[in-house]
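Undergrad: Take this structure, written in structure tokens, and hold onto it; I'll ask about it next.
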Amino acid sequence: MESFLEKFFSKVYTKMKEDTKISNYCKFNNQLLISFTSSLDIAGLVTSFFASSITKAFGRKPSILVGGAAFLLGAALGGTALNLYMLILSRILLGVGIGFANQAVPLYLSEMAPPKSRGAICSGFELCTGMGVMLAQVTNYATDKIKGGWGWRISLAMAALPASILTIGAIFIPETPNSLIQRNSDHLKAKMMLQRIRGTDDVQAELDDLIKASEVSKTITHNPFRKIMQKKYRPQLVMAIVLPFFQQMTGISAIIFYAPVLFRTIGFGESASLMSAVATGVVGSVATFISMLIVDKHGRRVLLLIGGIQMLISHVVVGGILAAELKDHGGMSKGYCIVVLVLICFYVAGYWCSWGPLGWLIPSEIFALEIRSAGQSISVAVRFLFIFILAQTSLSMLCHFKSGIFFFFGGWVAVMSGLVYLFLPETKGIPMEQMEKVWREHWFWKRFTGEE
């Protein structure tokens with residue numbers, strides 16, 4: 001929003017409005033704006049490690065409550081911000097909330113879901129994220145129409161709505177059977193909870209698996225972060241790092257954070273750029289819902305590979321159009337702008353049908369109980385680290401690489417699709433407490449498990 005830029009980032013606003021000599025690709029390259037955006041990510045990165053200890057010691061539910069409360073405070077502070085310091089503190093509190101939520105919610109869903117539908121249920125996390133992005137863009141578009149230039153306050157304060165739903169909902173949800181057994185050895189309560197969520201009394205086999213996993217985890221007296229470094233956990237550790245890394249190297253964070261900026265760059269006006277960002281949000285939500293319907297039928301690998309091909313095509317074609325049509329000065333024709341918008345929607349559909357939800361699902365389901373909280377924290381921390389790095393560099397990369405930024409991300413998509421084909425085993429339908437067998441049977445990872 002221009003009123004928001006004018007109040008807090010006046011140099012960016014002035015450069016956008018008055019500097020006719022600056023390149024189209026460099027109008028928004030401002031370190032203060034970048035620091036504001038990325039402050040959330042660095043807060044989430046630090047928080048994810050503290051959240052691991054709380055999640056393990058007190059359960060998944062308390063971590064979700066803490067995350068919701070921090071998010072509420074951040075939303076309230078953002079909506080009432082009087083200066084840039086308040087605005088950045090708001091972003092930091094939002095980062096703390098997201099750090100706790102990202103650590104606990106995927107674990108909660110994975111542990112509560114039955115194996116045969118775990119993919120669909122866990123993908124619901126990313127569906128809600130995608131819908132949140134879409135609603136945020138709709139809010140930005142609507143509040144931009146408010147006269148007086150204060151609509152941005154409503155936009156920032158509206159973050160309190162999903163935070164309230166998360167916080168109030170967490171009060172009423174039960175703790176997971178896995179956490180009950182791990183923390184309290186309350187086998188009877190865990191059995192009753194399993195019977196309730198599975199809808200059957202025949203849960204003894206699953207309960208026995210949970211008890212066995214808990215007994216193994218309690219034999220570990222040293223730090224789980226040291227435990228996960230052992231050779232037998234090497235496959236899980238590698239995936240905890242490379243999956244969130246590759247998820248960000250698709251370029252999605254740059255597109256989500258800076259979608260209005262990107263569309264302004266290629267020639268859309270302010271309202272049109274916000275509306276275009278809304279369109280990508282709608283496409284993302286629909287694609288995630290489709291992913292929920294098919295992930296447990298077709299598996300994780302197929303979706304990742306199809307999504308990778310779709311994103312690669314989009315990156316290459318968009319990069320080619322911008323290289324040919326968008327120079328440092330002037331704009332593109334309306335027809336080319338619409339073509340680029342369609343291609344970015346095609347890219348967004350590929351991402352949200354594959355790497356979006358599966359980048360969260362797979363790390364949440366592959367860890368043994370004794371390293372689960374630590375593994376999830378590593379995965380979340382890596383994700384935040386590279387979101388932060390890309391938030392810091394994306395506008396500078398756009399300025400220096402220009403259209404080449406799409407070829408840069410396209411190259412990473414090609415690499416990660418090849419590595420998925422070679423090194424990621426299929427995990428659909430396998431109980432979490434039996435997940436180690438997929439590594440024992442994999443052509444490459446079996447050398448690390450100690451069994452042939």
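Each chain of the structure tokens is named A, B, ... in the order shown, its residues numbered from 1; ligands are numbered from 1 in display order.
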So which residues touch segment 205-219 of chain A within 12 Å, counting only C-alpha atoms, skipping near sequence neighbours fewer than 5 positions away, as JSON, numbers by chain?

TA: {"A": [56, 111, 112, 114, 115, 176, 177, 178, 179, 180, 181, 182, 183, 184, 185, 186, 187, 188, 189, 190, 191, 192, 193, 194, 195, 198, 200, 224, 227, 228, 367, 368, 369, 370, 371, 372, 373, 430, 431, 432, 433, 434, 435, 436]}

Undergrad: Using only C-alpha atoms, which residues sit within 8 Å of Gln392 of chain A once same-chain residues fewer than 3 positions away are excluded, as a VMD selection string?

TA: chain A and resid 31 34 to 35 38 388 to 389 395 to 396

Undergrad: Excluding segment 40-46 of chain A and any residue of its chain fewer than 6 positions from it, enumerate the residues within 12 Å of it, using only C-alpha atoms, and give them as number ranges by chain.

TA: A: 34, 52, 67, 70-71, 74, 87-103, 253, 257, 377-392

Undergrad: Go ahead and compute the interatomic distance for atom CA of Ser417 of chain A and atom CA of Pro244 of chain A, in Å to one decimal.

TA: 13.6 Å

Undergrad: Which residues of segment 298-362 of chain A sit at most 8 Å from segment 280-292 of chain A, using only C-alpha atoms? Give each one's shortest atom pair and distance in Å (one decimal place), in chain and ascending residue order, as a tab-separated table.

TA:
residue	atom	partner	partner_atom	distance
A:Leu303	CA	A:Ser291	CA	8.0
A:Ile344	CA	A:Thr280	CA	7.4
A:Cys345	CA	A:Thr280	CA	5.3
A:Val348	CA	A:Gly284	CA	5.7
A:Ala349	CA	A:Ala287	CA	5.2
A:Gly350	CA	A:Ala287	CA	7.5
A:Tyr351	CA	A:Gly284	CA	7.9
A:Trp352	CA	A:Thr288	CA	5.1
A:Cys353	CA	A:Ser291	CA	4.9
A:Ser354	CA	A:Ser291	CA	7.0
A:Gly356	CA	A:Thr288	CA	7.8
A:Pro357	CA	A:Thr288	CA	7.0

Undergrad: Quote the spacing between atom CA of Ile64 of chain A and atom CA of Ala157 of chain A in Å to one decimal place.

TA: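 Distance reported for this atom pair: 20.2 Å.
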
Undergrad: Under the rule that only C-alpha atoms are counted, which of A:Met249, A:Leu33, A:Leu73, A:Ile54 is the nearest residue to Phe408 of chain A?

TA: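 The answer is A:Met249, which sits nearest to Phe408 of chain A.
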
Undergrad: Measuring atom to atom with only C-alpha atoms, identify which of A:Phe4, A:Val278, A:Pro106, A:Tyr347 is nearest to Gly149 of chain A.

TA: A:Phe4

Undergrad: What is the distance between atom CA of Thr129 of chain A and atom CA of Phe423 of chain A, in Å to one decimal?

TA: 27.7 Å

Undergrad: Using DSSP on the backbone coordinates, identify the residues of segment 313-384 of chain A assigned to helix (DSSP H, G or I); present them as a PyMOL selection string.

TA: chain A and resi 313-325+334-352+355-365+369-384

Undergrad: Hey, which of A:Gly132, A:Gly307, A:Gly124, A:Gly251 ends up closest to Thr393 of chain A? Count only C-alpha atoms.

TA: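 Closest residue, counting only C-alpha atoms: A:Gly251.
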
Undergrad: As a PyMOL selection string, please: the residues near Arg234 of chain A (cut-off 10 Å, only C-alpha atoms, same-chain neighbours under 4 positions excluded).

TA: chain A and resi 228-230+238-240+439+445+448-449

Undergrad: Write out as a list in words each polymer residue whose atoms come within 10 Å of Lys446 of chain A, counting only C-alpha atoms; drop sequence neighbours fewer than 6 positions from it.

TA: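 So the residues in contact are Lys232, Pro235, Glu436, Lys437, Val438, Trp439, Arg440 and Glu452 of chain A.
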
Undergrad: Generate a file of the selected residues that holds N, CA, C and O atoms, formatted as a PDB file, in the first residue's frame.

TA:
ATOM      1  N   LYS A 232      22.735 -43.710  12.101  1.00  0.00           N
ATOM      2  CA  LYS A 232      21.488 -44.399  11.735  1.00  0.00           C
ATOM      3  C   LYS A 232      20.341 -43.435  11.452  1.00  0.00           C
ATOM      4  O   LYS A 232      19.334 -43.808  10.838  1.00  0.00           O
ATOM      5  N   PRO A 235      19.634 -40.448   7.209  1.00  0.00           N
ATOM      6  CA  PRO A 235      18.629 -40.153   6.165  1.00  0.00           C
ATOM      7  C   PRO A 235      17.612 -39.112   6.608  1.00  0.00           C
ATOM      8  O   PRO A 235      17.299 -38.178   5.863  1.00  0.00           O
ATOM      9  N   GLU A 436      11.020 -46.426   9.829  1.00  0.00           N
ATOM     10  CA  GLU A 436      12.430 -46.741   9.577  1.00  0.00           C
ATOM     11  C   GLU A 436      12.629 -47.754   8.465  1.00  0.00           C
ATOM     12  O   GLU A 436      13.693 -47.818   7.826  1.00  0.00           O
ATOM     13  N   LYS A 437      11.583 -48.539   8.154  1.00  0.00           N
ATOM     14  CA  LYS A 437      11.739 -49.573   7.120  1.00  0.00           C
ATOM     15  C   LYS A 437      11.926 -48.977   5.728  1.00  0.00           C
ATOM     16  O   LYS A 437      12.554 -49.588   4.861  1.00  0.00           O
ATOM     17  N   VAL A 438      11.394 -47.752   5.486  1.00  0.00           N
ATOM     18  CA  VAL A 438      11.561 -47.165   4.155  1.00  0.00           C
ATOM     19  C   VAL A 438      13.021 -46.821   3.898  1.00  0.00           C
ATOM     20  O   VAL A 438      13.488 -46.845   2.750  1.00  0.00           O
ATOM     21  N   TRP A 439      13.757 -46.513   4.966  1.00  0.00           N
ATOM     22  CA  TRP A 439      15.175 -46.202   4.818  1.00  0.00           C
ATOM     23  C   TRP A 439      15.994 -47.484   4.698  1.00  0.00           C
ATOM     24  O   TRP A 439      16.978 -47.535   3.954  1.00  0.00           O
ATOM     25  N   ARG A 440      15.605 -48.524   5.410  1.00  0.00           N
ATOM     26  CA  ARG A 440      16.321 -49.802   5.335  1.00  0.00           C
ATOM     27  C   ARG A 440      16.207 -50.428   3.953  1.00  0.00           C
ATOM     28  O   ARG A 440      17.075 -51.183   3.528  1.00  0.00           O
ATOM     29  N   GLU A 452      20.960 -54.409   5.953  1.00  0.00           N
ATOM     30  CA  GLU A 452      20.886 -54.558   4.518  1.00  0.00           C
ATOM     31  C   GLU A 452      19.478 -54.980   4.100  1.00  0.00           C
ATOM     32  O   GLU A 452      18.825 -55.710   4.830  1.00  0.00           O
TER      33      GLU A 452
END

Undergrad: With distances taken over only C-alpha atoms, which residue among A:Tyr85, A:Phe409, A:Tyr108, A:Tyr141 lies nearest Leu361 of chain A?

TA: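 Selected residue with least distance to Leu361 of chain A: A:Tyr108.
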